[in-house]
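Data first, discussion second: the structure below is written as structure tokens.
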Number of protein chains: 2
Amino acid sequence: MASSNLDIVAIGDAIVDVIATTDDAFIEERGLPKGGMQLLTAAQADELYAAMGPAREISGGSAANSMAGAAALGLNVAFVGQIANDQLGDIFAHDMLSLGVRFETPAMQAPPPTGRCLILVTPDAQRTMNTCPGASHELTPAALDPDLIRSASVTFLEGYLWGPERPRAAMLEAAKIAHSAGRTVAFTLSESLCIGDRREGVRGMIEAKTADILFGNEDEVRHLTGCGTFDDCLAQLSKHVKTVVITRGPQGAVAVANGERAEIAAAPVERIVDTTGAGDLFAAGFLAGRCRGRPLKACLETGSIAAAEIISHFGARPEANLRELADL
Amino acid sequence: MASSNLDIVAIGDAIVDVIATTDDAFIEERGLPKGGMQLLTAAQADELYAAMGPAREISGGSAANSMAGAAALGLNVAFVGQIANDQLGDIFAHDMLSLGVRFETPAMQAPPPTGRCLILVTPDAQRTMNTCPGASHELTPAALDPDLIRSASVTFLEGYLWGPERPRAAMLEAAKIAHSAGRTVAFTLSESLCIGDRREGVRGMIEAKTADILFGNEDEVRHLTGCGTFDDCLAQLSKHVKTVVITRGPQGAVAVANGERAEIAAAPVERIVDTTGAGDLFAAGFLAGRCRGRPLKACLETGSIAAAEIISHFGARPEANLRELADL
């Protein structure tokens, strides 16, 4: 069906973020994974929500944030993710469509409801994510439109959605379709994939050359590879992945692509409010630079500009004119 | 049932704000009432929503914002308003309860859904409100708990909810209960009440001494009284209302109470982002000052501090520690 040429199609969680500020004591008392993400059942989410302070709701989802950012940067993008037929689903769909993101995955008509992520932001701007994935994890390969995948230069896969079986099958199927059409597959790591039982599966996926571009942060790639030095991590991943992009927080970012290495410092931010979405927007900026033919270092810089905007306010969706900021 | 002594019980719209930025061209092209409020049908709201940019959702409702502010200022408050049994209703209830606002109005089990207000914020920080009141306008006198009203020092009534018949009847009934218990009734004007057909009804309510405290802005009281000079407006309203509080935007605010007049300049704000809720939070601060026995001018100053905080960010719910800011 898809006839237009897309820059990126992403597959990821379709989630609305519920964002409240809190103090470190609240995080500690409840044993929440500060700076990380945990999955909650509906009952656990209700209980945490009842204990949280007043919140604001802003559409989220890791790859969905990246596509919102990419659209704001002027790219032609699509998103595949599962919402339910409810008010949060309407909000998620509106926020994608109003940015010009093509989003056609039909809403589920039965429970569970649309996913939400209870995000607690501490005074140090760190976010602790508590996700009740809901409908999001009900995505199946049937939701894929092969023509849509084939029409996109890049198929972008979200690590958070790699856990549950059916969405993982959908992502593997999408990667197969993309590769058979000569397209690029990008994969963004998430912390939970890089530790414990899942680590081997992700390494296998990487060794099978499923990802042509790999995004991750320093912690994630250290856990994943088990390498001692940062350079060893890079070298090991580069054996299997054409383009490796690693963010290092305040230390900036590094990319290695086909033997070329580029490095940048972090963009200055006047006041960091909420780090949610920093990696998602970095990936958006990097891919936008790449789709527009920028050199490797300039791609990192575009990523850094987009990430700097997102951490200057609450929520992981851009508020400023990203295209102007990134001169795209 | 109510045994604890409340500072304020408010009756108002139970609404979630859907806030997007836009430019003046969008407001003009669609003939939206810039700086004002219009009521939309569900179909009109869906159509405007589809045309709006990406949004954030933050609980709203004029009197509900005032109660959120009053609770943040340390007051013991309750809210009466109608939500539906849906996700937006859950969000509204959570945001009240998590601030310690007593909110016990049972959710409706049938349509319409919880009300929402599509708020468009232009670069001048002005907000244009497009309200689909939904369940909010289904409030009836049956939702009132007379003991709750009697237990509150102040019963606070929202002008936006004066339009529809049943909520108006509920508010008049609440005023009657409050007065028969020797309590104070406050009423906050809204623009739409002060013009056209409704003007006479509101003047009648004021002349009948339903309100002991009246909040409004300069435009509203000019339209309502039809007086030429500001002092004439004040004098006319003071004939019927013990305490008149009028905000004048950047010109500050004036109050007249039992013959005493106080006046203040507006509190300085570094950057005005979104004026939504300025009047609501002014009322919250004024009432907090009054409930804590502050002199008239200090009540105005407390109102001004609360209003200054709310216009420094998106949304009409406080983000900073209001109690600390207001030294309460």
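Starting from 1 in every chain, residues are counted up; chains themselves are A, B, ... following the order of the structure tokens, and ligands are numbered from 1 as listed.
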Please identify which residues in segment 115-248 of chain A DSSP calls strand (DSSP E or B) from the backbone, and express them as a ChimeraX atom specification. /A:115-121,127-132,152-158,184-188,213-217,243-247
Neighbours of chain A in chain B at 8 Å, counting only C-alpha atoms, as a list in words: Tyr49, Ala50, Ala51, Met52, Gly53, Pro54, Ala55, Arg56, Glu57, Ile58, Ser59, Asp86, Gln87, Leu88, His94, Asp95, Met96, Ser98 and Leu99 of chain B
Report as a PDB file with N, CA and C atoms, in the first residue's frame all protein, DNA and RNA residues lying within 6 Å of segment 71-81 of chain A, evaluated on only C-alpha atoms, omitting residues in the same chain fewer than 3 positions from it.
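The resulting file, out.pdb, is reproduced below:
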```
ATOM      1  N   LEU A   6       9.612   6.674   2.623  1.00  0.00           N
ATOM      2  CA  LEU A   6       9.785   7.079   4.013  1.00  0.00           C
ATOM      3  C   LEU A   6      11.261   7.126   4.360  1.00  0.00           C
ATOM      4  N   ASP A   7      11.613   8.037   5.277  1.00  0.00           N
ATOM      5  CA  ASP A   7      12.963   8.009   5.830  1.00  0.00           C
ATOM      6  C   ASP A   7      13.084   6.885   6.861  1.00  0.00           C
ATOM      7  N   ILE A   8      12.145   6.839   7.811  1.00  0.00           N
ATOM      8  CA  ILE A   8      12.230   5.836   8.875  1.00  0.00           C
ATOM      9  C   ILE A   8      10.846   5.272   9.191  1.00  0.00           C
ATOM     10  N   VAL A   9      10.778   3.962   9.444  1.00  0.00           N
ATOM     11  CA  VAL A   9       9.608   3.389  10.095  1.00  0.00           C
ATOM     12  C   VAL A   9      10.109   2.767  11.397  1.00  0.00           C
ATOM     13  N   ALA A  10       9.426   3.070  12.501  1.00  0.00           N
ATOM     14  CA  ALA A  10       9.851   2.554  13.802  1.00  0.00           C
ATOM     15  C   ALA A  10       8.805   1.614  14.361  1.00  0.00           C
ATOM     16  N   ILE A  11       9.271   0.628  15.121  1.00  0.00           N
ATOM     17  CA  ILE A  11       8.370  -0.282  15.835  1.00  0.00           C
ATOM     18  C   ILE A  11       8.709  -0.157  17.314  1.00  0.00           C
ATOM     19  N   GLY A  12       7.705   0.177  18.116  1.00  0.00           N
ATOM     20  CA  GLY A  12       8.008   0.389  19.534  1.00  0.00           C
ATOM     21  C   GLY A  12       6.772   0.418  20.403  1.00  0.00           C
ATOM     22  N   ASP A  13       6.990   0.677  21.679  1.00  0.00           N
ATOM     23  CA  ASP A  13       5.903   0.800  22.645  1.00  0.00           C
ATOM     24  C   ASP A  13       5.083   2.049  22.342  1.00  0.00           C
ATOM     25  N   ALA A  14       3.753   1.899  22.409  1.00  0.00           N
ATOM     26  CA  ALA A  14       2.842   3.040  22.287  1.00  0.00           C
ATOM     27  C   ALA A  14       2.340   3.349  23.685  1.00  0.00           C
ATOM     28  N   MET A  67      10.576   8.977  16.813  1.00  0.00           N
ATOM     29  CA  MET A  67       9.869   9.353  15.578  1.00  0.00           C
ATOM     30  C   MET A  67       9.258  10.752  15.699  1.00  0.00           C
ATOM     31  N   ALA A  68       8.764  11.111  16.905  1.00  0.00           N
ATOM     32  CA  ALA A  68       8.266  12.480  17.105  1.00  0.00           C
ATOM     33  C   ALA A  68       9.404  13.469  16.842  1.00  0.00           C
ATOM     34  N   VAL A 101       3.567  12.190  11.788  1.00  0.00           N
ATOM     35  CA  VAL A 101       4.037  10.802  11.798  1.00  0.00           C
ATOM     36  C   VAL A 101       2.903   9.914  11.279  1.00  0.00           C
ATOM     37  N   ARG A 102       3.200   9.081  10.306  1.00  0.00           N
ATOM     38  CA  ARG A 102       2.214   8.135   9.812  1.00  0.00           C
ATOM     39  C   ARG A 102       2.020   7.054  10.871  1.00  0.00           C
ATOM     40  N   PHE A 103       0.804   6.869  11.342  1.00  0.00           N
ATOM     41  CA  PHE A 103       0.543   5.903  12.413  1.00  0.00           C
ATOM     42  C   PHE A 103      -0.792   5.240  12.129  1.00  0.00           C
ATOM     43  N   THR A 105      -1.492   1.655  12.914  1.00  0.00           N
ATOM     44  CA  THR A 105      -1.783   0.403  13.615  1.00  0.00           C
ATOM     45  C   THR A 105      -3.181   0.501  14.241  1.00  0.00           C
ATOM     46  N   LEU A 322      12.789  22.001  16.609  1.00  0.00           N
ATOM     47  CA  LEU A 322      14.025  21.214  16.487  1.00  0.00           C
ATOM     48  C   LEU A 322      14.710  21.433  15.150  1.00  0.00           C
ATOM     49  N   ARG A 323      13.890  21.586  14.117  1.00  0.00           N
ATOM     50  CA  ARG A 323      14.458  21.707  12.776  1.00  0.00           C
ATOM     51  C   ARG A 323      15.321  22.965  12.665  1.00  0.00           C
TER      52      ARG A 323
END
```
What's around segment 186-188 of chain A at 9 Å? Count only C-alpha atoms, leave out sequence neighbours fewer than 5 positions away in its own chain, and write the answer as an NGL selection string. :A and (62-63 or 154-160 or 175 or 210-216 or 243 or 279-280 or 283)
Residue subset to file, keeping N, CA and C atoms, as a compact mmCIF listing (two decimals), in the first residue's frame:
```
# COMPACT_ATOMS: atom_id res chain seq x y z
N SER A 62 9.74 4.84 23.76
CA SER A 62 11.10 5.18 23.33
C SER A 62 11.19 5.45 21.82
N ALA A 63 10.85 4.47 21.00
CA ALA A 63 10.96 4.68 19.54
C ALA A 63 9.94 5.71 19.06
N VAL A 154 15.17 3.40 6.65
CA VAL A 154 15.61 2.79 7.91
C VAL A 154 14.42 2.18 8.64
N THR A 155 14.57 0.95 9.12
CA THR A 155 13.60 0.35 10.04
C THR A 155 14.23 0.40 11.42
N PHE A 156 13.54 1.06 12.34
CA PHE A 156 14.10 1.37 13.65
C PHE A 156 13.39 0.54 14.71
N LEU A 157 14.14 -0.27 15.45
CA LEU A 157 13.54 -1.22 16.41
C LEU A 157 13.89 -0.83 17.84
N GLU A 158 12.88 -0.91 18.72
CA GLU A 158 13.04 -0.46 20.11
C GLU A 158 13.37 -1.61 21.04
N GLY A 159 14.45 -1.47 21.79
CA GLY A 159 14.89 -2.50 22.73
C GLY A 159 13.87 -2.84 23.80
N TYR A 160 13.14 -1.86 24.28
CA TYR A 160 12.15 -2.15 25.35
C TYR A 160 11.10 -3.15 24.88
N ALA A 175 12.73 -6.70 10.37
CA ALA A 175 14.14 -6.61 9.98
C ALA A 175 14.39 -7.45 8.72
N THR A 210 21.56 -8.53 12.58
CA THR A 210 20.19 -8.00 12.44
C THR A 210 20.21 -6.48 12.39
N ALA A 211 21.13 -5.88 13.15
CA ALA A 211 21.19 -4.41 13.23
C ALA A 211 22.36 -3.86 12.41
N ASP A 212 22.07 -2.91 11.54
CA ASP A 212 23.13 -2.22 10.79
C ASP A 212 23.60 -1.00 11.56
N ILE A 213 22.70 -0.45 12.37
CA ILE A 213 23.04 0.68 13.25
C ILE A 213 22.61 0.28 14.65
N LEU A 214 23.49 0.49 15.62
CA LEU A 214 23.15 0.16 17.00
C LEU A 214 23.32 1.40 17.87
N PHE A 215 22.25 1.75 18.61
CA PHE A 215 22.32 2.86 19.56
C PHE A 215 22.35 2.30 20.98
N GLY A 216 23.15 2.90 21.84
CA GLY A 216 23.14 2.50 23.25
C GLY A 216 23.88 3.54 24.07
N THR A 243 27.40 0.50 11.97
CA THR A 243 27.45 1.81 12.63
C THR A 243 27.07 1.66 14.10
N GLY A 279 18.17 9.72 25.21
CA GLY A 279 18.68 8.75 24.23
C GLY A 279 17.79 8.66 23.00
N ASP A 280 16.47 8.74 23.22
CA ASP A 280 15.52 8.64 22.10
C ASP A 280 15.73 9.79 21.12
N ALA A 283 19.03 9.56 19.17
CA ALA A 283 18.89 8.66 18.02
C ALA A 283 18.15 9.37 16.87
```
Would you write out chain B as a compact mmCIF listing (two decimals) with C-alpha atoms, in the first residue's frame, after superposing it on chain A by least squares over all in-order Cα pairs?
```
# COMPACT_ATOMS: atom_id res chain seq x y z
CA MET B 1 -0.22 0.11 0.02
CA ALA B 2 2.72 2.32 0.92
CA SER B 3 3.84 4.30 -2.06
CA SER B 4 5.62 7.34 -0.62
CA ASN B 5 9.26 6.99 0.28
CA LEU B 6 9.77 7.08 4.00
CA ASP B 7 12.96 8.00 5.83
CA ILE B 8 12.22 5.83 8.87
CA VAL B 9 9.60 3.40 10.09
CA ALA B 10 9.85 2.56 13.80
CA ILE B 11 8.38 -0.28 15.82
CA GLY B 12 8.02 0.39 19.54
CA ASP B 13 5.90 0.81 22.64
CA ALA B 14 2.83 3.05 22.27
CA ILE B 15 2.72 4.61 25.70
CA VAL B 16 1.59 7.75 27.49
CA ASP B 17 3.97 9.05 30.15
CA VAL B 18 2.56 10.12 33.52
CA ILE B 19 5.21 12.42 34.93
CA ALA B 20 5.51 13.57 38.54
CA THR B 21 8.35 15.08 40.50
CA THR B 22 9.43 13.41 43.72
CA ASP B 23 12.33 13.23 46.17
CA ASP B 24 14.98 10.54 46.55
CA ALA B 25 13.35 9.24 49.74
CA PHE B 26 10.24 8.17 47.80
CA ILE B 27 12.40 6.26 45.27
CA GLU B 28 14.40 4.57 48.03
CA GLU B 29 11.47 3.67 50.28
CA ARG B 30 9.72 1.90 47.42
CA GLY B 31 12.86 0.29 46.07
CA LEU B 32 12.33 1.80 42.61
CA PRO B 33 15.17 1.39 40.09
CA LYS B 34 16.52 4.95 40.12
CA GLY B 35 17.50 6.06 36.62
CA GLY B 36 16.21 2.79 35.19
CA MET B 37 12.98 1.14 34.07
CA GLN B 38 10.89 -1.60 35.61
CA LEU B 39 7.75 -3.29 34.30
CA LEU B 40 4.65 -3.18 36.51
CA THR B 41 1.43 -5.16 36.48
CA ALA B 42 -1.79 -3.12 36.29
CA ALA B 43 -2.31 -3.59 40.05
CA GLN B 44 1.24 -2.51 40.86
CA ALA B 45 0.85 0.54 38.61
CA ASP B 46 -2.43 1.51 40.30
CA GLU B 47 -0.76 1.25 43.69
CA LEU B 48 2.27 3.35 42.69
CA TYR B 49 0.04 5.91 40.93
CA ALA B 50 -2.04 6.34 44.09
CA ALA B 51 1.13 7.08 46.04
CA MET B 52 2.58 9.54 43.48
CA GLY B 53 2.08 13.26 43.47
CA PRO B 54 0.06 15.19 40.86
CA ALA B 55 1.25 14.48 37.34
CA ARG B 56 1.19 15.69 33.76
CA GLU B 57 0.55 13.34 30.85
CA ILE B 58 2.71 13.52 27.74
CA SER B 59 2.89 10.89 25.01
CA GLY B 60 5.99 8.73 25.28
CA GLY B 61 7.43 5.38 24.23
CA SER B 62 11.10 5.19 23.32
CA ALA B 63 10.96 4.70 19.54
CA ALA B 64 7.79 6.80 19.37
CA ASN B 65 9.71 9.67 21.00
CA SER B 66 12.42 9.16 18.39
CA MET B 67 9.86 9.38 15.58
CA ALA B 68 8.25 12.49 17.10
CA GLY B 69 11.74 14.02 17.16
CA ALA B 70 12.55 12.87 13.63
CA ALA B 71 9.28 14.35 12.34
CA ALA B 72 10.03 17.59 14.16
CA LEU B 73 13.42 17.53 12.40
CA GLY B 74 11.62 17.36 9.05
CA LEU B 75 11.89 13.64 8.28
CA ASN B 76 9.16 11.59 6.68
CA VAL B 77 8.47 8.87 9.25
CA ALA B 78 5.99 6.22 10.34
CA PHE B 79 5.37 4.41 13.60
CA VAL B 80 4.00 0.94 14.33
CA GLY B 81 2.80 0.28 17.87
CA GLN B 82 -0.24 -1.04 19.70
CA ILE B 83 -2.76 1.21 21.44
CA ALA B 84 -6.19 0.32 22.80
CA ASN B 85 -9.45 2.05 21.90
CA ASP B 86 -9.45 4.39 24.91
CA GLN B 87 -8.67 7.98 25.90
CA LEU B 88 -4.94 7.40 26.39
CA GLY B 89 -4.84 5.68 23.00
CA ASP B 90 -6.55 8.70 21.44
CA ILE B 91 -3.97 10.98 23.05
CA PHE B 92 -1.07 8.86 21.79
CA ALA B 93 -2.47 8.72 18.24
CA HIS B 94 -3.22 12.45 18.17
CA ASP B 95 0.27 13.36 19.29
CA MET B 96 1.82 11.23 16.53
CA LEU B 97 -0.51 12.26 13.73
CA SER B 98 -0.37 15.96 14.61
CA LEU B 99 3.41 15.86 14.07
CA GLY B 100 2.90 14.28 10.67
CA VAL B 101 4.02 10.81 11.80
CA ARG B 102 2.21 8.15 9.81
CA PHE B 103 0.54 5.91 12.41
CA GLU B 104 -1.95 3.34 11.17
CA THR B 105 -1.79 0.42 13.61
CA PRO B 106 -5.48 -0.29 14.40
CA ALA B 107 -6.41 0.17 18.08
CA MET B 108 -7.27 -3.01 20.01
CA GLN B 109 -10.96 -3.21 20.91
CA ALA B 110 -10.50 -5.39 24.03
CA PRO B 111 -8.40 -5.00 27.19
CA PRO B 112 -5.66 -4.38 28.21
CA PRO B 113 -5.84 -0.57 28.03
CA THR B 114 -3.22 1.64 26.37
CA GLY B 115 0.15 1.42 28.13
CA ARG B 116 1.39 4.08 30.49
CA CYS B 117 4.71 4.79 32.12
CA LEU B 118 4.75 6.31 35.59
CA ILE B 119 7.84 8.50 35.51
CA LEU B 120 9.27 9.93 38.71
CA VAL B 121 11.69 12.80 38.25
CA THR B 122 14.04 13.57 41.16
CA PRO B 123 15.65 16.97 41.80
CA ASP B 124 18.82 15.78 39.99
CA ALA B 125 16.66 15.54 36.79
CA GLN B 126 17.06 11.75 36.76
CA ARG B 127 13.98 9.81 35.68
CA THR B 128 12.83 6.50 37.14
CA MET B 129 10.41 4.71 34.83
CA ASN B 130 7.67 2.32 35.93
CA THR B 131 5.97 0.92 32.89
CA CYS B 132 2.60 -0.77 32.69
CA PRO B 133 2.87 -1.78 29.03
CA GLY B 134 -0.80 -2.69 28.53
CA ALA B 135 -1.80 -2.98 24.88
CA SER B 136 1.71 -2.08 23.82
CA HIS B 137 3.01 -5.62 24.41
CA GLU B 138 0.13 -7.15 22.41
CA LEU B 139 1.70 -6.11 19.12
CA THR B 140 1.96 -9.06 16.71
CA PRO B 141 3.63 -9.59 13.33
CA ALA B 142 0.12 -9.19 11.82
CA ALA B 143 0.36 -5.45 12.55
CA LEU B 144 3.17 -5.07 10.00
CA ASP B 145 2.57 -3.69 6.52
CA PRO B 146 5.46 -5.16 4.47
CA ASP B 147 5.13 -2.42 1.83
CA LEU B 148 5.50 0.23 4.53
CA ILE B 149 8.70 -1.43 5.80
CA ARG B 150 10.10 -1.77 2.28
CA SER B 151 9.40 1.89 1.54
CA ALA B 152 11.50 3.16 4.47
CA SER B 153 15.24 3.81 4.25
CA VAL B 154 15.61 2.80 7.91
CA THR B 155 13.60 0.36 10.04
CA PHE B 156 14.10 1.38 13.66
CA LEU B 157 13.55 -1.21 16.41
CA GLU B 158 13.04 -0.45 20.11
CA GLY B 159 14.90 -2.48 22.73
CA TYR B 160 12.15 -2.14 25.35
CA LEU B 161 9.84 -4.06 23.04
CA TRP B 162 12.34 -6.91 22.57
CA GLY B 163 11.30 -8.57 25.83
CA PRO B 164 7.78 -9.87 25.08
CA GLU B 165 7.64 -12.68 22.51
CA ARG B 166 5.11 -11.47 19.93
CA PRO B 167 6.48 -7.94 19.54
CA ARG B 168 9.99 -9.44 19.26
CA ALA B 169 8.75 -11.71 16.49
CA ALA B 170 7.22 -8.66 14.79
CA MET B 171 10.53 -6.80 14.98
CA LEU B 172 12.54 -9.76 13.64
CA GLU B 173 10.06 -10.11 10.79
CA ALA B 174 10.33 -6.37 10.04
CA ALA B 175 14.15 -6.62 9.99
CA LYS B 176 13.91 -9.51 7.54
CA ILE B 177 11.58 -7.57 5.24
CA ALA B 178 13.80 -4.47 5.42
CA HIS B 179 16.99 -6.40 4.65
CA SER B 180 15.40 -8.27 1.78
CA ALA B 181 14.55 -4.86 0.28
CA GLY B 182 18.13 -3.65 0.76
CA ARG B 183 17.16 -1.29 3.60
CA THR B 184 18.97 -0.42 6.83
CA VAL B 185 17.92 -1.75 10.25
CA ALA B 186 18.65 0.26 13.41
CA PHE B 187 18.25 -1.09 16.93
CA THR B 188 18.27 0.90 20.15
CA LEU B 189 19.39 -0.94 23.29
CA SER B 190 17.63 -0.65 26.62
CA GLU B 191 19.19 -1.29 30.00
CA SER B 192 17.09 -4.34 30.83
CA LEU B 193 18.21 -6.11 27.64
CA CYS B 194 21.87 -5.81 28.53
CA ILE B 195 21.79 -7.61 31.87
CA GLY B 196 20.64 -11.01 33.08
CA ASP B 197 18.99 -13.68 30.96
CA ARG B 198 18.28 -11.49 27.97
CA ARG B 199 21.90 -10.56 27.36
CA GLU B 200 22.68 -13.68 25.33
CA GLY B 201 19.63 -13.23 23.10
CA VAL B 202 20.61 -9.66 22.29
CA ARG B 203 24.22 -10.65 21.61
CA GLY B 204 22.90 -13.34 19.30
CA MET B 205 20.75 -10.82 17.46
CA ILE B 206 23.78 -8.54 17.06
CA GLU B 207 26.08 -11.37 15.93
CA ALA B 208 23.45 -12.38 13.37
CA LYS B 209 23.87 -8.88 11.91
CA THR B 210 20.21 -8.01 12.46
CA ALA B 211 21.20 -4.41 13.24
CA ASP B 212 23.13 -2.23 10.82
CA ILE B 213 23.03 0.68 13.26
CA LEU B 214 23.15 0.15 17.01
CA PHE B 215 22.33 2.86 19.56
CA GLY B 216 23.15 2.50 23.25
CA ASN B 217 24.63 4.30 26.20
CA GLU B 218 27.93 3.50 27.82
CA ASP B 219 26.45 1.47 30.69
CA GLU B 220 24.38 -0.62 28.33
CA VAL B 221 27.24 -1.56 26.03
CA ARG B 222 29.56 -2.32 28.95
CA HIS B 223 27.00 -4.71 30.43
CA LEU B 224 26.20 -6.21 27.06
CA THR B 225 29.77 -6.87 25.94
CA GLY B 226 31.30 -7.43 29.36
CA CYS B 227 34.39 -5.59 28.11
CA GLY B 228 36.59 -3.70 30.54
CA THR B 229 37.47 -0.63 28.52
CA PHE B 230 35.17 1.52 26.48
CA ASP B 231 37.34 1.05 23.38
CA ASP B 232 37.10 -2.71 23.71
CA CYS B 233 33.26 -2.42 23.86
CA LEU B 234 33.29 -0.37 20.67
CA ALA B 235 35.68 -2.73 18.92
CA GLN B 236 33.66 -5.79 19.84
CA LEU B 237 30.33 -4.33 18.67
CA SER B 238 31.91 -2.97 15.48
CA LYS B 239 32.82 -6.49 14.45
CA HIS B 240 29.12 -7.16 13.81
CA VAL B 241 27.48 -3.75 13.38
CA LYS B 242 28.30 -1.29 10.60
CA THR B 243 27.46 1.80 12.63
CA VAL B 244 27.75 1.87 16.43
CA VAL B 245 26.56 5.01 18.25
CA ILE B 246 27.18 5.30 21.98
CA THR B 247 26.07 8.18 24.20
CA ARG B 248 28.12 8.95 27.30
CA GLY B 249 25.85 11.45 29.11
CA PRO B 250 27.79 14.58 30.04
CA GLN B 251 30.87 13.10 28.30
CA GLY B 252 29.23 13.44 24.89
CA ALA B 253 28.99 10.66 22.33
CA VAL B 254 31.06 8.43 20.06
CA ALA B 255 30.25 6.74 16.76
CA VAL B 256 32.17 4.20 14.72
CA ALA B 257 31.02 3.56 11.16
CA ASN B 258 32.91 1.36 8.71
CA GLY B 259 36.21 2.03 10.42
CA GLU B 260 35.69 5.80 10.82
CA ARG B 261 35.46 7.08 14.39
CA ALA B 262 33.86 10.37 15.42
CA GLU B 263 33.46 11.89 18.85
CA ILE B 264 31.73 14.97 20.29
CA ALA B 265 31.29 16.70 23.64
CA ALA B 266 27.76 17.08 25.06
CA ALA B 267 25.83 20.20 23.96
CA PRO B 268 25.54 22.73 26.77
CA VAL B 269 22.15 22.87 28.56
CA GLU B 270 21.27 25.82 30.77
CA ARG B 271 19.17 23.82 33.21
CA ILE B 272 18.55 20.09 33.02
CA VAL B 273 14.98 19.43 34.18
CA ASP B 274 14.14 15.85 33.15
CA THR B 275 16.46 13.45 31.34
CA THR B 276 13.57 11.31 30.00
CA GLY B 277 13.98 10.78 26.27
CA ALA B 278 17.59 11.98 25.98
CA GLY B 279 18.67 8.76 24.23
CA ASP B 280 15.52 8.65 22.09
CA LEU B 281 16.07 12.15 20.80
CA PHE B 282 19.78 11.56 20.31
CA ALA B 283 18.88 8.66 18.01
CA ALA B 284 16.33 10.86 16.20
CA GLY B 285 18.92 13.56 15.57
CA PHE B 286 21.61 11.09 14.50
CA LEU B 287 19.28 9.42 12.02
CA ALA B 288 18.01 12.77 10.74
CA GLY B 289 21.60 13.82 10.07
CA ARG B 290 22.29 10.53 8.35
CA CYS B 291 19.14 10.62 6.23
CA ARG B 292 20.13 14.12 5.12
CA GLY B 293 23.64 12.99 4.20
CA ARG B 294 25.55 14.73 6.97
CA PRO B 295 29.05 13.43 7.84
CA LEU B 296 29.38 11.10 10.88
CA LYS B 297 30.48 13.79 13.33
CA ALA B 298 27.68 16.12 12.20
CA CYS B 299 25.19 13.27 12.77
CA LEU B 300 26.42 13.05 16.37
CA GLU B 301 26.09 16.82 16.72
CA THR B 302 22.53 16.76 15.41
CA GLY B 303 21.73 14.03 17.94
CA SER B 304 23.26 16.08 20.70
CA ILE B 305 21.23 19.19 19.82
CA ALA B 306 17.97 17.20 19.87
CA ALA B 307 18.89 15.53 23.19
CA ALA B 308 19.82 18.87 24.76
CA GLU B 309 16.39 20.29 23.92
CA ILE B 310 14.49 17.35 25.39
CA ILE B 311 16.24 17.40 28.78
CA SER B 312 15.56 21.11 29.26
CA HIS B 313 11.87 20.44 30.06
CA PHE B 314 9.50 17.74 31.35
CA GLY B 315 8.50 15.05 28.87
CA ALA B 316 10.22 13.32 25.99
CA ARG B 317 8.52 15.16 23.14
CA PRO B 318 10.14 18.27 21.64
CA GLU B 319 8.78 21.69 22.65
CA ALA B 320 11.11 23.91 20.63
CA ASN B 321 11.49 24.05 16.86
CA LEU B 322 14.04 21.22 16.49
CA ARG B 323 14.48 21.72 12.76
CA GLU B 324 15.58 25.29 13.29
CA LEU B 325 17.84 24.33 16.21
CA ALA B 326 19.51 21.63 14.13
CA ASP B 327 19.59 23.76 10.96
CA LEU B 328 18.01 20.94 8.94
```
